[in-house]
Amino acid sequence: MTTNVKLDENEQLLTLTPASIKGELQAFPSARAIQPQSARIWEKGRQSLLFLSCVVIPLLLSVIYNFVIASERFTSTASFIVRENQSSNGLLSLVASNGISRSDDNSYAIVEYMQSRDAISWLNSDGLLERVFNAGGVDVFSKFPSFFSGRTKEDLFQHFQSYVDVEFKQVTGVTTISVQAFNPADAKALADKLLQGAESLVNLLNERIRADSIRSASSMVEEATADLQAVQKQLTDFRNDEGILDPGAEATISNKVLTGTMGEISKVNAQLSVLLATTPNSPAIRQLQGKRDALEKQLSRQRDALAGGNDSLAKKIEAYEQVSLQRKLAEKRLLSAVASLAAAKQDFEGKRIYVARVVEPNLPDRFSHPRGFLNVFLTLAIGFAIFWIVRSMMRLLLEEV
């Protein structure tokens, strides 16, 4: 538009007239368009470097390792189940049900053993494990000992964990082991020796159970025997101190003597009664009276000896019966302990745990690792994911700046 100004004497007028414009409107340039050429080159270079480090280089390394460096690994698989023989021996076998059942507790123990340092020591007891991992043709990352895997026993334990897998299925009770090696024969040998180690462990558990049960029962027998010997010594000391072999027999004899004395007194009294009634002045009366008095004194002494004070036969019988009762109890405890020992030995013979092989270690005819194409694909997918995440984060940071 243009502006024309006209001056007058009295007033000033402002007149607006439209102006014609020729040409086309152009869009305002974006921030990216107005960036310097060097900045755009730097951004492309940064993205290329990021793609190279996150995707290309890991992909190349994965291809080189899986198809050039990595040694072929063969997997030997075996399965077993831990069973417990619950059969009963002796008279109990007539009424008890015999059978074999699985033992999950011992299965867990064997699983722990196969993944333990003891299992590594067993596998390498004759140098088998080191020969397998130090054989010719094994790549530098899988070889032991080496710079990457280490050289100590702990390093060997950690290194072998990647080559063995133990799985226990609680539903079926079956334990499956998978062992990897660099040729089929070594894989089968390792799996078979690992099974032998599990069987040795079960045998050791059986021996420990047997030793513990027999040791406990034997200890009870020894204690009962010692108690019986102590009681028997008390009984012998009592007999020596009192001079009585069997107080019961002594009491029987004393009772017979007492009864006989009482009978004699009765006879003398009867004779006295007859003489006093028929011949009161007979000199035999005084003789019979003296005999009766002597018999009555003897009867009194016999009664005192039998059931009198602390030195009477009744007191001795009481002490003897206490010691005799202790001996009977000790004998019963000894018999019970001997029966428990026999039962412990018998139960062990009828109840044992053992490893039943379900599948023997196989001899693989083709390698199972490395899974080259799968590993390369996973490397590529992970690399793209990392690249996308890092690039997005960098853009957000630059926008904030």
# chains A, B, ... in the order shown; residues from 1 in each chain; ligands from 1
call {"tool": "residues_around", "arguments": {"residues": "Arg131 in chain A", "least_positions_apart": "6", "cutoff": "12 Å", "atoms": "only C-alpha atoms", "output": "MDAnalysis selection string"}}
result
chainID A and resid 123:125 138 143:145 181:183 186 189:190
call {"tool": "residues_around", "arguments": {"residues": "range 361-377 of chain A", "least_positions_apart": "2", "cutoff": "7 Å", "atoms": "only C-alpha atoms", "output": "list in words"}}
result
Leu59, Ser62, Val63, Asn66, Phe67, Glu72, Arg73, Phe74, Thr75, Ser76, Thr77, Ala78, Pro184, Ala185, Lys188, Ala191, Asp192, Val359, Thr379, Leu380 and Ala381 of chain A
call {"tool": "select_by_dssp", "arguments": {"residues": "range 330-360 of chain A", "states": "helix (DSSP H, G or I)", "output": "number ranges by chain"}}
result
A: 330-350
call {"tool": "closest_residue", "arguments": {"among": "A:Leu398, A:Leu61, A:Val355, A:Ala226", "to": "Ser107 in chain A", "atoms": "only C-alpha atoms"}}
result
A:Val355
call {"tool": "atom_distance", "arguments": {"atom1": "CA of Ile214 in chain A", "atom2": "CA of Leu341 in chain A"}}
result
6.2 Å
call {"tool": "closest_residue", "arguments": {"among": "A:Gln229, A:Asn203, A:Thr175, A:Ser116", "to": "Glu154 in chain A", "atoms": "only C-alpha atoms"}}
result
A:Ser116
